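Coordinates as given in run-v3.cif (mmCIF, C-alpha atoms, pLDDT in the B column; chains and numbers go by the auth columns):
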data_run
#
loop_
_atom_site.group_PDB
_atom_site.id
_atom_site.type_symbol
_atom_site.label_atom_id
_atom_site.label_comp_id
_atom_site.label_asym_id
_atom_site.label_seq_id
_atom_site.Cartn_x
_atom_site.Cartn_y
_atom_site.Cartn_z
_atom_site.B_iso_or_equiv
_atom_site.auth_seq_id
_atom_site.auth_asym_id
ATOM 1 C CA MET A 1 -43.461 90.768 33.683 41.00 1047 A
ATOM 2 C CA VAL A 2 -40.861 89.512 36.082 41.00 1048 A
ATOM 3 C CA ALA A 3 -38.231 87.337 34.484 45.00 1049 A
ATOM 4 C CA ARG A 4 -37.805 83.995 36.131 43.00 1050 A
ATOM 5 C CA LYS A 5 -34.404 83.346 37.577 45.00 1051 A
ATOM 6 C CA LYS A 6 -32.806 80.387 35.855 47.00 1052 A
ATOM 7 C CA THR A 7 -32.024 77.493 38.126 43.00 1053 A
ATOM 8 C CA PRO A 8 -28.415 76.447 37.581 45.00 1054 A
ATOM 9 C CA ALA A 9 -28.022 72.974 36.137 42.00 1055 A
ATOM 10 C CA LYS A 10 -26.993 70.433 38.700 44.00 1056 A
ATOM 11 C CA ARG A 11 -23.505 69.159 38.264 43.00 1057 A
ATOM 12 C CA GLY A 12 -22.964 65.439 38.186 46.00 1058 A
ATOM 13 C CA THR A 13 -21.679 64.095 41.436 55.00 1059 A
ATOM 14 C CA ARG A 14 -19.274 61.228 41.736 62.00 1060 A
ATOM 15 C CA ARG A 15 -20.718 58.331 43.632 70.00 1061 A
ATOM 16 C CA ARG A 16 -18.820 57.517 46.797 82.00 1062 A
ATOM 17 C CA LEU A 17 -17.808 53.873 46.910 86.00 1063 A
ATOM 18 C CA PRO A 18 -16.570 51.735 49.782 92.00 1064 A
ATOM 19 C CA PRO A 19 -12.766 51.347 49.586 92.00 1065 A
ATOM 20 C CA GLU A 20 -12.865 47.764 48.331 94.00 1066 A
ATOM 21 C CA GLU A 21 -15.337 48.609 45.566 96.00 1067 A
ATOM 22 C CA ARG A 22 -13.366 51.697 44.579 96.00 1068 A
ATOM 23 C CA ARG A 23 -10.152 49.697 44.336 97.00 1069 A
ATOM 24 C CA ASP A 24 -11.866 47.059 42.178 97.00 1070 A
ATOM 25 C CA GLN A 25 -13.225 49.812 39.926 97.00 1071 A
ATOM 26 C CA LEU A 26 -9.782 51.376 39.558 98.00 1072 A
ATOM 27 C CA VAL A 27 -8.222 48.033 38.667 98.00 1073 A
ATOM 28 C CA ARG A 28 -10.885 47.452 36.000 98.00 1074 A
ATOM 29 C CA CYS A 29 -10.223 50.899 34.568 98.00 1075 A
ATOM 30 C CA ALA A 30 -6.479 50.313 34.755 98.00 1076 A
ATOM 31 C CA LEU A 31 -6.876 47.105 32.737 98.00 1077 A
ATOM 32 C CA SER A 32 -8.615 49.081 30.010 98.00 1078 A
ATOM 33 C CA VAL A 33 -5.925 51.759 30.045 98.00 1079 A
ATOM 34 C CA PHE A 34 -3.002 49.328 30.064 98.00 1080 A
ATOM 35 C CA ALA A 35 -4.567 47.330 27.222 97.00 1081 A
ATOM 36 C CA ARG A 36 -4.814 50.502 25.134 97.00 1082 A
ATOM 37 C CA ARG A 37 -1.584 52.314 26.051 96.00 1083 A
ATOM 38 C CA GLY A 38 0.692 49.422 26.996 95.00 1084 A
ATOM 39 C CA VAL A 39 2.301 48.296 30.248 95.00 1085 A
ATOM 40 C CA GLY A 40 5.219 50.681 29.843 93.00 1086 A
ATOM 41 C CA ARG A 41 3.209 53.856 29.125 94.00 1087 A
ATOM 42 C CA ALA A 42 0.024 53.879 31.222 96.00 1088 A
ATOM 43 C CA VAL A 43 0.029 56.256 34.204 97.00 1089 A
ATOM 44 C CA HIS A 44 -2.228 57.279 37.086 98.00 1090 A
ATOM 45 C CA ALA A 45 -3.757 60.212 35.196 98.00 1091 A
ATOM 46 C CA ASP A 46 -4.942 57.884 32.420 98.00 1092 A
ATOM 47 C CA VAL A 47 -6.706 55.671 34.938 98.00 1093 A
ATOM 48 C CA ALA A 48 -8.259 58.687 36.679 98.00 1094 A
ATOM 49 C CA ARG A 49 -9.785 59.913 33.408 97.00 1095 A
ATOM 50 C CA VAL A 50 -11.368 56.558 32.640 97.00 1096 A
ATOM 51 C CA ALA A 51 -12.614 56.088 36.213 97.00 1097 A
ATOM 52 C CA ASP A 52 -13.843 59.715 36.417 96.00 1098 A
ATOM 53 C CA VAL A 53 -12.028 60.355 39.676 97.00 1099 A
ATOM 54 C CA ALA A 54 -9.314 62.716 40.804 97.00 1100 A
ATOM 55 C CA VAL A 55 -5.739 61.657 40.097 98.00 1101 A
ATOM 56 C CA SER A 56 -5.121 61.843 43.844 97.00 1102 A
ATOM 57 C CA THR A 57 -7.724 59.091 44.319 97.00 1103 A
ATOM 58 C CA VAL A 58 -5.739 56.713 42.124 98.00 1104 A
ATOM 59 C CA PHE A 59 -2.570 57.580 44.060 98.00 1105 A
ATOM 60 C CA LEU A 60 -4.421 56.923 47.310 98.00 1106 A
ATOM 61 C CA TYR A 61 -4.931 53.281 46.309 98.00 1107 A
ATOM 62 C CA PHE A 62 -1.736 52.864 44.281 98.00 1108 A
ATOM 63 C CA PRO A 63 0.919 55.185 45.767 98.00 1109 A
ATOM 64 C CA THR A 64 3.483 54.537 43.004 98.00 1110 A
ATOM 65 C CA ARG A 65 3.448 53.516 39.372 97.00 1111 A
ATOM 66 C CA GLU A 66 5.038 50.247 40.455 96.00 1112 A
ATOM 67 C CA ALA A 67 2.031 49.573 42.697 98.00 1113 A
ATOM 68 C CA LEU A 68 -0.353 50.315 39.836 98.00 1114 A
ATOM 69 C CA VAL A 69 1.530 48.019 37.453 98.00 1115 A
ATOM 70 C CA ASP A 70 1.636 45.322 40.127 98.00 1116 A
ATOM 71 C CA ALA A 71 -2.150 45.445 40.564 98.00 1117 A
ATOM 72 C CA VAL A 72 -2.748 45.110 36.816 98.00 1118 A
ATOM 73 C CA LEU A 73 -0.260 42.289 36.307 98.00 1119 A
ATOM 74 C CA THR A 74 -1.599 40.448 39.361 98.00 1120 A
ATOM 75 C CA GLU A 75 -5.073 40.571 37.827 98.00 1121 A
ATOM 76 C CA VAL A 76 -3.749 39.144 34.538 98.00 1122 A
ATOM 77 C CA GLU A 77 -1.726 36.455 36.321 98.00 1123 A
ATOM 78 C CA ASP A 78 -4.627 35.380 38.504 98.00 1124 A
ATOM 79 C CA PHE A 79 -7.011 35.278 35.553 98.00 1125 A
ATOM 80 C CA TYR A 80 -4.907 32.978 33.370 98.00 1126 A
ATOM 81 C CA LEU A 81 -3.699 30.786 36.214 98.00 1127 A
ATOM 82 C CA ALA A 82 -7.250 30.288 37.508 98.00 1128 A
ATOM 83 C CA LEU A 83 -8.441 29.388 34.010 98.00 1129 A
ATOM 84 C CA ALA A 84 -5.637 26.851 33.578 98.00 1130 A
ATOM 85 C CA GLU A 85 -6.026 25.281 37.011 98.00 1131 A
ATOM 86 C CA GLN A 86 -9.782 24.929 36.600 98.00 1132 A
ATOM 87 C CA VAL A 87 -9.511 23.231 33.203 98.00 1133 A
ATOM 88 C CA HIS A 88 -6.614 20.947 34.153 98.00 1134 A
ATOM 89 C CA ALA A 89 -8.314 19.789 37.357 98.00 1135 A
ATOM 90 C CA SER A 90 -10.483 17.583 35.121 98.00 1136 A
ATOM 91 C CA ASP A 91 -9.971 13.813 35.022 97.00 1137 A
ATOM 92 C CA ASP A 92 -10.902 13.680 31.328 97.00 1138 A
ATOM 93 C CA PRO A 93 -8.339 12.216 28.896 97.00 1139 A
ATOM 94 C CA ALA A 94 -5.313 14.486 28.667 96.00 1140 A
ATOM 95 C CA PRO A 95 -5.788 15.392 24.972 95.00 1141 A
ATOM 96 C CA ASP A 96 -9.379 16.449 25.714 95.00 1142 A
ATOM 97 C CA VAL A 97 -8.208 18.602 28.617 97.00 1143 A
ATOM 98 C CA VAL A 98 -5.560 20.305 26.501 96.00 1144 A
ATOM 99 C CA GLN A 99 -8.087 20.946 23.722 93.00 1145 A
ATOM 100 C CA GLU A 100 -10.576 22.303 26.272 95.00 1146 A
ATOM 101 C CA HIS A 101 -7.922 24.633 27.636 96.00 1147 A
ATOM 102 C CA GLY A 102 -7.453 25.964 24.121 93.00 1148 A
ATOM 103 C CA ARG A 103 -11.193 26.401 23.653 93.00 1149 A
ATOM 104 C CA ARG A 104 -11.587 28.207 26.979 96.00 1150 A
ATOM 105 C CA PHE A 105 -8.593 30.397 26.256 96.00 1151 A
ATOM 106 C CA ARG A 106 -10.043 31.423 22.890 93.00 1152 A
ATOM 107 C CA ALA A 107 -13.367 32.225 24.553 94.00 1153 A
ATOM 108 C CA SER A 108 -11.590 34.316 27.187 96.00 1154 A
ATOM 109 C CA ILE A 109 -10.178 36.579 24.491 95.00 1155 A
ATOM 110 C CA ASP A 110 -13.742 37.455 23.501 94.00 1156 A
ATOM 111 C CA SER A 111 -14.919 37.923 27.092 97.00 1157 A
ATOM 112 C CA HIS A 112 -11.732 39.563 28.484 97.00 1158 A
ATOM 113 C CA PRO A 113 -9.842 41.150 25.570 96.00 1159 A
ATOM 114 C CA ASP A 114 -7.993 43.601 27.827 98.00 1160 A
ATOM 115 C CA HIS A 115 -6.295 40.694 29.606 98.00 1161 A
ATOM 116 C CA ALA A 116 -5.139 39.303 26.266 97.00 1162 A
ATOM 117 C CA TYR A 117 -3.797 42.650 25.043 97.00 1163 A
ATOM 118 C CA ILE A 118 -1.852 43.135 28.267 98.00 1164 A
ATOM 119 C CA TRP A 119 -0.511 39.570 28.254 98.00 1165 A
ATOM 120 C CA LEU A 120 0.771 39.947 24.686 96.00 1166 A
ATOM 121 C CA ASP A 121 2.298 43.348 25.394 96.00 1167 A
ATOM 122 C CA TRP A 122 3.905 42.017 28.567 96.00 1168 A
ATOM 123 C CA SER A 123 5.427 39.120 26.615 95.00 1169 A
ATOM 124 C CA THR A 124 7.507 41.549 24.528 93.00 1170 A
ATOM 125 C CA ALA A 125 8.858 43.593 27.465 91.00 1171 A
ATOM 126 C CA VAL A 126 12.223 41.827 27.448 91.00 1172 A
ATOM 127 C CA ARG A 127 14.124 44.881 28.704 87.00 1173 A
ATOM 128 C CA ASP A 128 11.518 45.901 31.257 90.00 1174 A
ATOM 129 C CA GLU A 129 11.678 45.222 34.984 94.00 1175 A
ATOM 130 C CA THR A 130 8.471 43.203 34.646 95.00 1176 A
ATOM 131 C CA TRP A 131 10.123 40.607 32.375 96.00 1177 A
ATOM 132 C CA PRO A 132 11.227 38.188 35.161 96.00 1178 A
ATOM 133 C CA ARG A 133 7.664 38.201 36.426 97.00 1179 A
ATOM 134 C CA TYR A 134 6.370 37.304 32.964 97.00 1180 A
ATOM 135 C CA LEU A 135 8.839 34.425 32.807 97.00 1181 A
ATOM 136 C CA ALA A 136 7.662 33.203 36.226 98.00 1182 A
ATOM 137 C CA LEU A 137 4.039 33.222 35.032 98.00 1183 A
ATOM 138 C CA THR A 138 5.043 31.288 31.931 98.00 1184 A
ATOM 139 C CA GLU A 139 6.796 28.659 34.036 98.00 1185 A
ATOM 140 C CA ARG A 140 3.684 28.163 36.153 98.00 1186 A
ATOM 141 C CA LEU A 141 1.511 27.764 33.051 98.00 1187 A
ATOM 142 C CA VAL A 142 4.025 25.360 31.523 98.00 1188 A
ATOM 143 C CA ALA A 143 4.010 23.284 34.726 98.00 1189 A
ATOM 144 C CA ILE A 144 0.208 22.978 34.610 98.00 1190 A
ATOM 145 C CA GLN A 145 0.246 21.826 30.978 97.00 1191 A
ATOM 146 C CA GLU A 146 3.193 19.501 31.592 98.00 1192 A
ATOM 147 C CA ARG A 147 1.417 17.824 34.496 98.00 1193 A
ATOM 148 C CA THR A 148 -1.540 16.917 32.287 98.00 1194 A
ATOM 149 C CA ILE A 149 0.682 15.708 29.444 97.00 1195 A
ATOM 150 C CA ARG A 150 2.608 13.413 31.799 98.00 1196 A
ATOM 151 C CA ARG A 151 -0.701 12.051 33.116 97.00 1197 A
ATOM 152 C CA GLY A 152 -1.702 11.346 29.542 97.00 1198 A
ATOM 153 C CA GLN A 153 1.510 9.424 28.987 97.00 1199 A
ATOM 154 C CA ARG A 154 0.869 7.299 32.059 97.00 1200 A
ATOM 155 C CA GLU A 155 -2.686 6.598 30.878 97.00 1201 A
ATOM 156 C CA GLY A 156 -1.689 5.938 27.278 95.00 1202 A
ATOM 157 C CA SER A 157 -3.515 8.861 25.643 95.00 1203 A
ATOM 158 C CA VAL A 158 -0.316 10.805 24.866 95.00 1204 A
ATOM 159 C CA ALA A 159 2.594 9.327 22.913 94.00 1205 A
ATOM 160 C CA PRO A 160 5.323 8.082 25.296 94.00 1206 A
ATOM 161 C CA GLY A 161 8.071 9.700 23.223 94.00 1207 A
ATOM 162 C CA VAL A 162 6.693 13.199 23.691 95.00 1208 A
ATOM 163 C CA ASP A 163 8.966 15.563 25.605 96.00 1209 A
ATOM 164 C CA ALA A 164 6.345 16.784 28.081 97.00 1210 A
ATOM 165 C CA GLU A 165 8.098 20.023 28.973 97.00 1211 A
ATOM 166 C CA ALA A 166 8.842 20.913 25.349 96.00 1212 A
ATOM 167 C CA ALA A 167 5.250 20.114 24.416 96.00 1213 A
ATOM 168 C CA ALA A 168 3.942 22.356 27.180 96.00 1214 A
ATOM 169 C CA ARG A 169 6.142 25.230 25.995 95.00 1215 A
ATOM 170 C CA LEU A 170 4.933 24.787 22.422 93.00 1216 A
ATOM 171 C CA LEU A 171 1.339 24.988 23.664 94.00 1217 A
ATOM 172 C CA ILE A 172 2.078 28.296 25.409 93.00 1218 A
ATOM 173 C CA GLY A 173 3.567 29.577 22.160 90.00 1219 A
ATOM 174 C CA TYR A 174 0.456 28.419 20.329 89.00 1220 A
ATOM 175 C CA ALA A 175 -1.654 30.393 22.818 92.00 1221 A
ATOM 176 C CA GLN A 176 0.170 33.582 21.809 92.00 1222 A
ATOM 177 C CA LEU A 177 -0.515 32.844 18.136 91.00 1223 A
ATOM 178 C CA VAL A 178 -4.188 32.257 18.887 90.00 1224 A
ATOM 179 C CA ALA A 179 -4.423 35.535 20.808 93.00 1225 A
ATOM 180 C CA GLN A 180 -2.859 37.400 17.899 93.00 1226 A
ATOM 181 C CA MET A 181 -5.280 35.783 15.453 92.00 1227 A
ATOM 182 C CA LYS A 182 -8.343 36.478 17.595 90.00 1228 A
ATOM 183 C CA LEU A 183 -7.379 40.096 18.195 92.00 1229 A
ATOM 184 C CA SER A 184 -6.755 40.486 14.455 91.00 1230 A
ATOM 185 C CA ASP A 185 -10.339 39.372 13.727 86.00 1231 A
ATOM 186 C CA PHE A 186 -9.607 35.933 12.285 86.00 1232 A
ATOM 187 C CA ASP A 187 -12.821 33.927 12.240 84.00 1233 A
ATOM 188 C CA GLU A 188 -13.377 31.367 15.010 84.00 1234 A
ATOM 189 C CA GLU A 189 -13.420 28.401 12.638 87.00 1235 A
ATOM 190 C CA ARG A 190 -9.968 29.206 11.286 86.00 1236 A
ATOM 191 C CA THR A 191 -8.538 29.904 14.723 86.00 1237 A
ATOM 192 C CA GLN A 192 -9.963 26.655 16.090 85.00 1238 A
ATOM 193 C CA ALA A 193 -8.519 24.698 13.164 86.00 1239 A
ATOM 194 C CA VAL A 194 -5.042 26.040 13.866 84.00 1240 A
ATOM 195 C CA GLY A 195 -5.385 25.164 17.536 80.00 1241 A
ATOM 196 C CA SER A 196 -6.577 21.617 16.924 83.00 1242 A
ATOM 197 C CA THR A 197 -3.741 21.003 14.461 87.00 1243 A
ATOM 198 C CA VAL A 198 -1.111 22.251 16.908 86.00 1244 A
ATOM 199 C CA VAL A 199 -2.447 20.260 19.865 87.00 1245 A
ATOM 200 C CA SER A 200 -2.720 17.054 17.837 86.00 1246 A
ATOM 201 C CA ALA A 201 0.802 17.398 16.473 87.00 1247 A
ATOM 202 C CA VAL A 202 2.286 18.186 19.880 90.00 1248 A
ATOM 203 C CA LEU A 203 0.631 15.271 21.679 89.00 1249 A
ATOM 204 C CA ARG A 204 1.517 12.800 18.925 84.00 1250 A
ATOM 205 C CA GLY A 205 5.154 13.713 19.334 68.00 1251 A
ATOM 206 C CA GLY A 206 5.941 14.998 15.870 48.00 1252 A
ATOM 207 C CA ALA A 207 6.236 18.626 16.896 47.00 1253 A
ATOM 208 C CA THR A 208 8.556 17.996 19.825 45.00 1254 A
ATOM 209 C CA GLU A 209 10.723 15.601 17.815 45.00 1255 A
ATOM 210 C CA ASN A 210 11.152 18.272 15.142 43.00 1256 A
ATOM 211 C CA ALA A 211 11.887 20.857 17.823 42.00 1257 A
ATOM 212 C CA ALA A 212 14.623 18.633 19.242 40.00 1258 A
#

Show how you would write the structure in this file as structure tokens.
Amino acid sequence: MVARKKTPAKRGTRRRLPPEERRDQLVRCALSVFARRGVGRAVHADVARVADVAVSTVFLYFPTREALVDAVLTEVEDFYLALAEQVHASDDPAPDVVQEHGRRFRASIDSHPDHAYIWLDWSTAVRDETWPRYLALTERLVAIQERTIRRGQREGSVAPGVDAEAAARLLIGYAQLVAQMKLSDFDEERTQAVGSTVVSAVLRGGATENAA
């Protein structure tokens, strides 16, 4: 009886993607890596492992670590700025808009947790070269909130004595607290209650008066 020659198992082949699709895939994988390892520690090899590509492929699209970090932070910036601009484009009463921003932000932590992890990690990188960029993002988010608060004051839905800029900064601080609570598995009802309390206090003026 002649023994049959075993056919070697076929090795998995990596699917070739158009450059734009490959770059998008690498950014998605980089978000996952940066969320897990932190902005200051993630490297090209980590992204290559998650994306199942050669390390040289990651370097092809992001020639330096600075370029890789830039791509990840740009994605986080664009995500949170787009969310804020979309919500604050509404003509609804200012307090409703601010509350809706909080609701949408909480929902985004469930749908895009990697963005939240990176944003929180980035916020602590005071000694890192990315810190000025984080501050610039914060200023843009503050400006969006402040614009709505000032509209509310003109329309009478926000207390006239509220310091609009201080209130906007407190709301950004509240967003960090909410992200920490959500990522620590606090239930939605409790997280929402904290958010509603903060927004109400800020727009009534008590919080900013105490801050002053």

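Separating atom CA of A:Val1115 from atom CA of A:Leu1077 is a distance of 9.7 Å.
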
Can I get the residues of stretch 1164-1247 of chain A within 10 Å of stretch 1141-1148 of chain A, each with the closest pair of atoms and their distance in Å to one decimal, using all atoms listed in the file, sorted chain first then ascending number, as CSV?
residue,atom,partner,partner_atom,distance
A:Gln1191,CA,A:Val1144,CA,7.5
A:Thr1194,CA,A:Val1143,CA,7.8
A:Ile1195,CA,A:Pro1141,CA,7.9
A:Gly1198,CA,A:Pro1141,CA,7.3
A:Ser1203,CA,A:Pro1141,CA,6.9
A:Val1204,CA,A:Pro1141,CA,7.1
A:Ala1214,CA,A:Val1144,CA,9.7
A:Leu1217,CA,A:Val1144,CA,8.8
A:Ile1218,CA,A:Gly1148,CA,9.9
A:Tyr1220,CA,A:Gly1148,CA,9.1
A:Ala1221,CA,A:Gly1148,CA,7.4
A:Val1224,CA,A:Gly1148,CA,8.8
A:Gln1238,CA,A:Gly1148,CA,8.4
A:Gly1241,CA,A:Gly1148,CA,6.9
A:Ser1242,CA,A:Gln1145,CA,7.0
A:Val1244,CA,A:Gln1145,CA,9.8
A:Val1245,CA,A:Gln1145,CA,6.9
A:Ser1246,CA,A:Pro1141,CA,7.9

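When all atoms listed in the file are used to measure the gap to A:Glu1201, the shortest distance among A:Cys1075, A:Val1104, A:Ala1140, A:Ala1128 belongs to A:Ala1140.
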
For a test of reading the model, state the distance in Å between atom CA of A:Ala1189 and atom CA of A:Glu1211, rounded to one decimal.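 Result for atom CA of A:Ala1189 versus atom CA of A:Glu1211: 7.8 Å, one decimal.
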
Please provide the set of residues having any atom within 10 Å of A:Glu1131, restricted to only C-alpha atoms, with same-chain residues fewer than 3 positions apart removed, written as a PDB file with C-alpha atoms, keeping the file's coordinate frame.
ATOM      1  CA  TYR A1126      -4.907  32.978  33.370  1.00 98.00           C
ATOM      2  CA  LEU A1127      -3.699  30.786  36.214  1.00 98.00           C
ATOM      3  CA  ALA A1128      -7.250  30.288  37.508  1.00 98.00           C
ATOM      4  CA  HIS A1134      -6.614  20.947  34.153  1.00 98.00           C
ATOM      5  CA  ALA A1135      -8.314  19.789  37.357  1.00 98.00           C
ATOM      6  CA  SER A1136     -10.483  17.583  35.121  1.00 98.00           C
ATOM      7  CA  HIS A1147      -7.922  24.633  27.636  1.00 96.00           C
ATOM      8  CA  LEU A1187       1.511  27.764  33.051  1.00 98.00           C
ATOM      9  CA  ILE A1190       0.208  22.978  34.610  1.00 98.00           C
ATOM     10  CA  GLN A1191       0.246  21.826  30.978  1.00 97.00           C
TER      11      GLN A1191
END

Between atom CA of A:Val1188 and atom CA of A:Arg1215, what is the distance in Å, rounded to a tenth? 5.9 Å

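Proximity ranking of A:Arg1082, A:Arg1061, A:Arg1111, A:His1090 relative to A:Ala1162 places A:Arg1082 first, based on all atoms listed in the file.
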
I'd like the residues picked by the PyMOL selection byres ((chain A and resi 1107-1110) around 10) written out as a compact mmCIF listing (two decimals) with C-alpha atoms, keeping the file's coordinate frame, using the chain letters and numbers from the file.
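Output contents, as saved in out39.txt:
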# COMPACT_ATOMS: atom_id res chain seq x y z
CA PRO A 1065 -12.77 51.35 49.59
CA GLU A 1066 -12.86 47.76 48.33
CA ARG A 1068 -13.37 51.70 44.58
CA ARG A 1069 -10.15 49.70 44.34
CA LEU A 1072 -9.78 51.38 39.56
CA VAL A 1073 -8.22 48.03 38.67
CA VAL A 1089 0.03 56.26 34.20
CA HIS A 1090 -2.23 57.28 37.09
CA SER A 1102 -5.12 61.84 43.84
CA THR A 1103 -7.72 59.09 44.32
CA VAL A 1104 -5.74 56.71 42.12
CA PHE A 1105 -2.57 57.58 44.06
CA LEU A 1106 -4.42 56.92 47.31
CA ARG A 1111 3.45 53.52 39.37
CA GLU A 1112 5.04 50.25 40.46
CA ALA A 1113 2.03 49.57 42.70
CA LEU A 1114 -0.35 50.32 39.84
CA VAL A 1115 1.53 48.02 37.45
CA ASP A 1116 1.64 45.32 40.13
CA ALA A 1117 -2.15 45.44 40.56

From A:Ala1153, A:Val1248, A:Gly1086, A:Arg1236, residue lying nearest A:Val1172 [only C-alpha atoms]: A:Gly1086

Could you please fill out stretch 1211-1223 of chain A with N, CA, C and O atoms and send it back as a CSV table (one decimal), in the frame of the given file?
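That gives us out_13.csv:
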chain,number,residue,atom,x,y,z
A,1211,GLU,N,7.8,18.6,28.7
A,1211,GLU,CA,8.1,20.0,29.0
A,1211,GLU,C,8.1,20.8,27.7
A,1211,GLU,O,7.5,21.9,27.6
A,1212,ALA,N,8.8,20.2,26.6
A,1212,ALA,CA,8.8,20.9,25.3
A,1212,ALA,C,7.4,21.1,24.8
A,1212,ALA,O,7.1,22.1,24.2
A,1213,ALA,N,6.6,20.0,24.9
A,1213,ALA,CA,5.2,20.1,24.4
A,1213,ALA,C,4.5,21.2,25.1
A,1213,ALA,O,3.7,22.0,24.5
A,1214,ALA,N,4.6,21.3,26.4
A,1214,ALA,CA,3.9,22.4,27.2
A,1214,ALA,C,4.4,23.8,26.7
A,1214,ALA,O,3.5,24.7,26.6
A,1215,ARG,N,5.7,23.9,26.4
A,1215,ARG,CA,6.1,25.2,26.0
A,1215,ARG,C,5.6,25.6,24.6
A,1215,ARG,O,5.3,26.7,24.3
A,1216,LEU,N,5.5,24.6,23.7
A,1216,LEU,CA,4.9,24.8,22.4
A,1216,LEU,C,3.5,25.2,22.5
A,1216,LEU,O,3.0,26.0,21.8
A,1217,LEU,N,2.7,24.6,23.5
A,1217,LEU,CA,1.3,25.0,23.7
A,1217,LEU,C,1.2,26.4,24.1
A,1217,LEU,O,0.3,27.1,23.7
A,1218,ILE,N,2.1,26.9,25.0
A,1218,ILE,CA,2.1,28.3,25.4
A,1218,ILE,C,2.3,29.2,24.2
A,1218,ILE,O,1.7,30.3,24.0
A,1219,GLY,N,3.3,28.8,23.4
A,1219,GLY,CA,3.6,29.6,22.2
A,1219,GLY,C,2.4,29.6,21.2
A,1219,GLY,O,2.1,30.6,20.6
A,1220,TYR,N,1.7,28.5,21.1
A,1220,TYR,CA,0.5,28.4,20.3
A,1220,TYR,C,-0.6,29.4,20.9
A,1220,TYR,O,-1.3,30.0,20.1
A,1221,ALA,N,-0.7,29.5,22.2
A,1221,ALA,CA,-1.7,30.4,22.8
A,1221,ALA,C,-1.4,31.8,22.4
A,1221,ALA,O,-2.3,32.6,22.1
A,1222,GLN,N,-0.1,32.2,22.3
A,1222,GLN,CA,0.2,33.6,21.8
A,1222,GLN,C,-0.3,33.8,20.4
A,1222,GLN,O,-0.8,34.8,20.0
A,1223,LEU,N,-0.1,32.8,19.5
A,1223,LEU,CA,-0.5,32.8,18.1
A,1223,LEU,C,-2.0,33.0,18.1
A,1223,LEU,O,-2.6,33.8,17.3
